[in-house]
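K.L.:
Just dropping this structure here.
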Amino acid sequence: MNRRAARRTGWNAVGLLVFVVAVFPVFWMVSTAFKTDDQINALTPTWFPTHPTLRHFRDALDKPYFWADVKNSIIVVVFTVGIAMVLAFLAAVALSKYRFTGRKLFIILVIGVQMLPGAGLIIPLYVVLARFHEVNTLTGVILVYLTGALPFSVWTLRGFIIGIPKELEEAAMVDGSTRFGAFTRILLPLVAPGLVATSVFAFITSWNEYIFARVLLNDGSKQTITVWLSYFLGTSRQTDWGALMAASTLTAIPVVIFFLLIQRRIAFGLTAGAVRG
Amino acid sequence: MATAAGTTTKWSRQRPLSMRRLGRGAVPYALVAPVVVVMGAILGYPLYSLVRLSLDRYGLFELIQHKGVYIGLKNFGSVLHDSVFWHTLVRTIVFAAANVGLTMVIGTLIALLLVQISTWVRLLVTAGLVLVWSMPPVVAVQVWNWMTNVQNGVLNYVLTELHFGNYFQHNWYTSPFSQLSMVTTLIVWGALPFVVITVYAALSQVPRELVEAAEIDGARSWRVFKDVTVPVITPVLLILTSLSILWDFGVFTQPYLLIGQPHITTGNYLMGIYLFEQGYVSANFGRGAAISILMLVIVAALSVVYVRRMIRIGEVT
């Protein structure tokens with residue numbers, strides 16, 4: 001029995017080591033953001049910000065285009081998620097409630113499209129959007145993000161709708177409700193958590209997206225926040241690490257918050273949808 | 001539409017064909033239509049253009065004219081005769097294999113560890129992993145830049161302090177191997193949470209009675225693991241592996257930003273970067289389209305296992 005306890009203590013120590021190593025980069029980012037320049041540039045690192053300062057955050061916020069690009073990111077995300085949720089929900093209802101010719105083909109398309117690597121699509125999407133003068137516009141980016149958000153959302157929402165017992169709807173219809181009435185009063189409220197989880201996930205992937213925004217948006221004032229952050233390193237030899245880490249923290253905060261919100265659903269719901277954050 | 005109405009007879013009461021029933025049969029199509037139309041417009045048309053582009057000479061001039069010059073299979077010929085393409089392909093395969101291997105092995109080991117440890121440690125580790133999972137790739141790249149910088153990166157400090165050697169002002173970005181190794185640490189770190197949490201979820205599906213029964217029958221822990229645990233988590237490991245292969249093969253953001261655009265050379269190209277540089281940056285869209293098609297064909301071949309599995313899930317339910 002004693003040996004068993006000792007073994008568990010050993011494993012716990014390994015677990016704690018895994019935790020420390022995994023979390024360290026995040027800790028280092030936040031810690032650096034609050035340190036003074038002297039502490040940051042010293043050859044021997046200071047682990048904790050002993051004299052915390054908000055100066056780096058101010059520097060980051062004062063950088064050109066920060067607010068403009070945050071606004072762009074929000075616009076892109078809101079439209080992508082809004083459109084994707086409405087359209088994907090309808091398709092998900094069709095997939096989970098009806099059997100119809102072409103259903104299998106549709107499933108193949110939904111899954112197959114998710115497998116297309118983004119890098120492989122930059123050339124045709126860039127050329128086609130240039131043809132319709134949608135390069136360097138947020139509309140173009142929203143359209144491109146929909147190609148990613150739609151199939152994923154259809155697939156995930158389908159999983160959530162299937163989880164709702166058919167009997168509930170049928171009972172409502174027996175009680176004289178119309179199919180539409182059963183839909184709005186029974187199905188919709190029950191799927192709501194699924195809709196929230198799916199839209200948060202679509203939010204995160206659009207907020208984090210880099211390559212298409214980089215290719216499609218050229219003006220500093222028209223970029224998204226991830227592209228803004230990627231240009232932060234600058235050309236000068238001396239990087240302002242404090243401000244860079246403050247900017248990184250600011251970029252990550254919305255994602256972290258939303259991620260923690262849906263965290264419980266991720267493990268079970270999204271392994272079926274299979275998307276990595 | 002007639003066939004659609006025909007299939008409805010399978011589950012609705014037999015009734016003479018009426019307008020109402022025809023309307024019923026149309027419902028799923030109406031529901032699916034918006035997604036199909038949007039996807040067709042913003043993906044189908046570009047994919048068609050991709051094939052057209054790959055057969056054209058299409059540079060900046062043609063981009064402004066909105067019209068390419070047909071040159072047949074010359075783009076494919078030039079790519080396939082380019083030694084850079086083959087080197088990049090081999091490098092990308094080795095890179096993806098290393099990343100997938102490390103992600104899956106370390107991920108599975110951590111998941112197995114989670115089963116062994118006390119609840120409070122498990123909760124702590126899981127919370128930490130979710131935090132890591134939520135880091136945007138571009139943010140992670142910048143943190144890596146900071147941690148591994150030449151002047152006073154914390155990685156060099158820690159390695160030196162732990163007596164792994166003298167890493168004072170060691171530059172991690174001098175050779176392609178060293179550069180790509182750093183990219184691998186970044187990618188594996190970012191990919192682990194998804195793998196660990198999914199495998200752990202699968203592990204908790206292993207029936208306790210089975211394990212106990214095997215132990216009573218005198219099976220050693222290794223036998224129990226091999227004959228009871230492994231069969232249960234194999235399907236999950238298969239899906240995760242094939243997904244990781246796809247992701248790591250097409251990776252762009254992490255290598256492009258961590259190595260840094262000025263340091264990108266033909267010597268450290270990965271497939272996504274090769275395509276980006278030769279198609280988009282040098283504005284040779286026809287050639288870029290040919291590379292894209294080759295890449296998509298490879299990815300399609302790689303994804304067969306995953307897609308077939310998912311379709312089976314969709315079929316059953």
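Residues are referred to by chain and number: the chain letter is A, B, ... according to the order shown in the structure tokens, the number counts from 1 in that chain, and ligands are numbered separately from 1 in the order shown.
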Any idea what's packed within 12 Å of Gly10 (chain A), counting only C-alpha atoms, ignoring anything in its chain fewer than 4 positions away? Could you give it as a VMD selection string?
P.N.:
(chain A and resid 3 to 6 14 to 17) or (chain B and resid 113 116 to 118 121)
K.L.:
Just the residues within 7 Å of Asn152 (chain B), please, counting only C-alpha atoms, with nothing from its chain fewer than 2 positions along; format it as a list in words.
P.N.:
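Residues near the query, excluding close chain neighbours: Leu43 of chain A; Asn149, Val150, Val154 and Gln169 of chain B.
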K.L.:
What are the residues of chain A lining chain B at 7 Å or less? Count only C-alpha atoms, and put the answer as a PyMOL selection string.
P.N.:
chain A and resi 8+11-12+15-16+19+22-23+25+29+43+45+87-88+90-91+94+98+100-101+107-108+111-112+116-117+119-120+123-125+128+131+143-144+147+208+210-211+226+230+241+248+252+255-256+259+267+271+276-277
K.L.:
Determine, counting only C-alpha atoms, which protein, DNA and RNA residues have an atom within 12 Å of an atom of Ala192 (chain A); residues of the same chain fewer than 4 positions away are not included. Present the result as a list in words.
P.N.:
Met85, Phe89, Leu157, Phe160, Ile161, Ile164, Thr184, Arg185, Ile186, Leu187, Leu188, Val196, Ala197, Thr198 and Ser199 of chain A
K.L.:
Store the residues picked out above, limited to N, CA and C atoms, as a PDB file, in the first residue's frame.
P.N.:
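What follows is the written file out-v4.pdb:
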```
ATOM      1  N   MET A  85     -23.636  30.604 -38.781  1.00  0.00           N
ATOM      2  CA  MET A  85     -24.544  29.925 -37.864  1.00  0.00           C
ATOM      3  C   MET A  85     -25.925  29.727 -38.485  1.00  0.00           C
ATOM      4  N   PHE A  89     -26.996  26.010 -39.505  1.00  0.00           N
ATOM      5  CA  PHE A  89     -28.044  25.415 -38.690  1.00  0.00           C
ATOM      6  C   PHE A  89     -29.118  24.786 -39.584  1.00  0.00           C
ATOM      7  N   LEU A 157     -22.963  21.144 -35.499  1.00  0.00           N
ATOM      8  CA  LEU A 157     -24.362  21.354 -35.115  1.00  0.00           C
ATOM      9  C   LEU A 157     -25.181  20.090 -35.334  1.00  0.00           C
ATOM     10  N   PHE A 160     -24.991  18.067 -32.372  1.00  0.00           N
ATOM     11  CA  PHE A 160     -25.799  18.564 -31.259  1.00  0.00           C
ATOM     12  C   PHE A 160     -27.289  18.258 -31.465  1.00  0.00           C
ATOM     13  N   ILE A 161     -27.768  18.396 -32.724  1.00  0.00           N
ATOM     14  CA  ILE A 161     -29.203  18.189 -32.979  1.00  0.00           C
ATOM     15  C   ILE A 161     -29.561  16.714 -32.799  1.00  0.00           C
ATOM     16  N   ILE A 164     -30.686  15.403 -29.449  1.00  0.00           N
ATOM     17  CA  ILE A 164     -32.000  15.747 -28.884  1.00  0.00           C
ATOM     18  C   ILE A 164     -33.009  14.666 -29.258  1.00  0.00           C
ATOM     19  N   THR A 184     -39.413  25.801 -33.438  1.00  0.00           N
ATOM     20  CA  THR A 184     -38.979  27.001 -32.724  1.00  0.00           C
ATOM     21  C   THR A 184     -39.110  26.844 -31.212  1.00  0.00           C
ATOM     22  N   ARG A 185     -40.151  26.093 -30.766  1.00  0.00           N
ATOM     23  CA  ARG A 185     -40.368  26.035 -29.328  1.00  0.00           C
ATOM     24  C   ARG A 185     -39.642  24.884 -28.646  1.00  0.00           C
ATOM     25  N   ILE A 186     -39.383  23.802 -29.375  1.00  0.00           N
ATOM     26  CA  ILE A 186     -38.733  22.640 -28.752  1.00  0.00           C
ATOM     27  C   ILE A 186     -37.269  22.531 -29.172  1.00  0.00           C
ATOM     28  N   LEU A 187     -37.061  22.482 -30.490  1.00  0.00           N
ATOM     29  CA  LEU A 187     -35.712  22.206 -30.982  1.00  0.00           C
ATOM     30  C   LEU A 187     -34.744  23.347 -30.696  1.00  0.00           C
ATOM     31  N   LEU A 188     -35.169  24.567 -31.046  1.00  0.00           N
ATOM     32  CA  LEU A 188     -34.242  25.706 -30.967  1.00  0.00           C
ATOM     33  C   LEU A 188     -33.678  25.933 -29.562  1.00  0.00           C
ATOM     34  N   VAL A 196     -24.213  28.053 -29.287  1.00  0.00           N
ATOM     35  CA  VAL A 196     -23.235  28.925 -28.631  1.00  0.00           C
ATOM     36  C   VAL A 196     -21.831  28.330 -28.751  1.00  0.00           C
ATOM     37  N   ALA A 197     -21.710  27.047 -28.425  1.00  0.00           N
ATOM     38  CA  ALA A 197     -20.392  26.406 -28.488  1.00  0.00           C
ATOM     39  C   ALA A 197     -19.818  26.474 -29.895  1.00  0.00           C
ATOM     40  N   THR A 198     -20.667  26.157 -30.879  1.00  0.00           N
ATOM     41  CA  THR A 198     -20.179  26.161 -32.260  1.00  0.00           C
ATOM     42  C   THR A 198     -19.775  27.557 -32.702  1.00  0.00           C
ATOM     43  N   SER A 199     -20.581  28.557 -32.329  1.00  0.00           N
ATOM     44  CA  SER A 199     -20.248  29.908 -32.788  1.00  0.00           C
ATOM     45  C   SER A 199     -19.005  30.427 -32.081  1.00  0.00           C
TER      46      SER A 199
END
```
K.L.:
Rank A:Pro64, A:Asp175, A:Val200, A:Lys104 by their smallest atom-to-atom distance to Gly82 (chain A), using only C-alpha atoms, and report the top residue only.
P.N.:
A:Val200
